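**Student:** Sharing a structure, written as structure tokens. Questions coming.
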Amino acid sequence: MFEVVTAAQACPMTTTLHIENTVHDYDSWKQAFDRFDRFRADNGVRSYRVTRRTDDPHEVIVELDFDTTGVAEAFGQLLQKVWQTPQSQQQLAAHGEPRILTLVESRTF
């Protein structure tokens with residue numbers, strides 16, 4: 001029998017800011033990304049995941065987890081400013097519009 005865990009039971013972090021990037025060079029981008037750890041923590045990011053497409057290693061997906069939708073929205077506004085910096089423009093070939101997702105259900109097998 002499988003156990004279904006609702007978002008409220010799983011953890012308080014139920015809001016994710018989902019960002020799809022195209023980077024020129026993953027290793028260079030990752031070094032730049034890592035320099036913003038304190039910025040992320042200071043602005044409400046509780047955890048994050050970085051994934052890459054298997055068929056195109058230049059496509060990078062970043063998912064940032066927050067306690068509330070409001071904090072995720074505020075961070076999205078700050079992120080727009082970060083993307084305007086010369087460092088970000090040098091690393092990013094393109095980025096998609098950030099999307100806010102809410103965890104509805106989580107299941108572990």
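Naming scheme: A, B, ... for chains in displayed order of the structure tokens; residues 1 onward per chain; ligands 1 onward as shown.
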Could you name the residues that touch A:Asp56 at 12 Å or less, counting only C-alpha atoms, but leaving out those on the same chain fewer than 5 positions away, as number ranges by chain?

**Tutor:** A: 21-26, 51, 61

**Student:** Name the closest residue to A:Arg52 among the candidates A:Ile19, A:Arg38, A:Gln77, A:Ser106; distances are taken between atoms, counting only C-alpha atoms.

**Tutor:** A:Ile19

**Student:** Ranking A:Asp37, A:Arg46, A:Asp67, A:His58 by minimum distance to A:Leu92 and counting only C-alpha atoms, which one comes first?

**Tutor:**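 Closest to A:Leu92 of all the choices is A:His58.
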
**Student:** For the atom pair atom CA of A:Gln90 and atom CA of A:Arg35, what is the interatomic distance in Å to one decimal place?

**Tutor:**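 Spanning atom CA of A:Gln90 to atom CA of A:Arg35 is a straight-line distance of 14.7 Å.
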
**Student:** Choose the residue, out of A:His95, A:Arg40, A:His18, A:Lys30, that has the smallest atom-to-atom separation from A:Leu78; count only C-alpha atoms.

**Tutor:**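 Among the listed residues, A:Arg40 lies closest to A:Leu78.
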
**Student:** Run DSSP on the backbone and tell me which residues of chain A come out as helix (DSSP H, G or I); list them as number ranges by chain.

**Tutor:** A: 7-10, 26-34, 37-42, 69-83, 86-91

**Student:** List every residue of chain A that DSSP, applied to the backbone of this structure, places in strand (DSSP E), and write the result as an MDAnalysis selection string.

**Tutor:** chainID A and resid 4:6 15:23 47:52 59:66 92:95 99:102 105:107

**Student:** Convert the current residue selection to file output with C-alpha atoms, as a short mmCIF file (atom, residue, chain, number, x, y, z; two decimals), in the first residue's frame.

**Tutor:**
```
data_model
loop_
_atom_site.label_atom_id
_atom_site.label_comp_id
_atom_site.auth_asym_id
_atom_site.auth_seq_id
_atom_site.Cartn_x
_atom_site.Cartn_y
_atom_site.Cartn_z
CA VAL A 4 -0.01 9.79 -0.01
CA VAL A 5 1.46 12.79 1.77
CA THR A 6 -0.14 16.18 1.30
CA THR A 15 6.28 27.15 -3.11
CA THR A 16 8.87 26.74 -5.86
CA LEU A 17 10.24 29.32 -8.28
CA HIS A 18 11.00 27.37 -11.48
CA ILE A 19 13.54 28.93 -13.88
CA GLU A 20 14.75 27.55 -17.21
CA ASN A 21 18.10 28.89 -18.41
CA THR A 22 20.28 28.38 -21.45
CA VAL A 23 23.92 28.84 -20.49
CA SER A 47 16.58 24.96 -0.68
CA TYR A 48 17.24 24.61 -4.39
CA ARG A 49 17.75 22.05 -7.13
CA VAL A 50 19.78 22.45 -10.30
CA THR A 51 19.10 19.99 -13.11
CA ARG A 52 20.29 19.72 -16.70
CA GLU A 59 19.76 23.83 -20.76
CA VAL A 60 19.72 24.26 -16.97
CA ILE A 61 16.66 24.25 -14.72
CA VAL A 62 16.83 25.89 -11.31
CA GLU A 63 14.10 25.33 -8.74
CA LEU A 64 14.18 27.52 -5.64
CA ASP A 65 11.97 26.59 -2.66
CA PHE A 66 10.29 29.17 -0.40
CA LEU A 92 23.24 33.31 -19.77
CA ALA A 93 22.43 32.81 -23.43
CA ALA A 94 18.72 33.00 -22.52
CA HIS A 95 16.33 32.48 -19.63
CA ARG A 99 7.12 30.37 -12.87
CA ILE A 100 5.80 29.92 -9.36
CA LEU A 101 4.64 26.41 -8.54
CA THR A 102 2.83 25.15 -5.46
CA GLU A 105 1.08 16.32 -3.31
CA SER A 106 4.23 14.31 -2.77
CA ARG A 107 4.48 10.52 -2.88
#
```

**Student:** Kindly give the distance, in Å, that separates atom CA of A:Val71 and atom CA of A:Thr14, rounded to a single decimal.

**Tutor:**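 A separation of 11.5 Å between them.
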
**Student:** Go ahead and compute the interatomic distance for atom CA of A:Asp27 and atom CA of A:Leu79, in Å to one decimal.

**Tutor:** 20.3 Å

**Student:** Counting only C-alpha atoms, figure out which residue out of A:Phe109, A:Gln31, A:Phe36, A:Gly96 gets nearest to A:Val82.

**Tutor:**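 Of A:Phe109, A:Gln31, A:Phe36, A:Gly96, the one nearest A:Val82, counting only C-alpha atoms, is A:Phe36.
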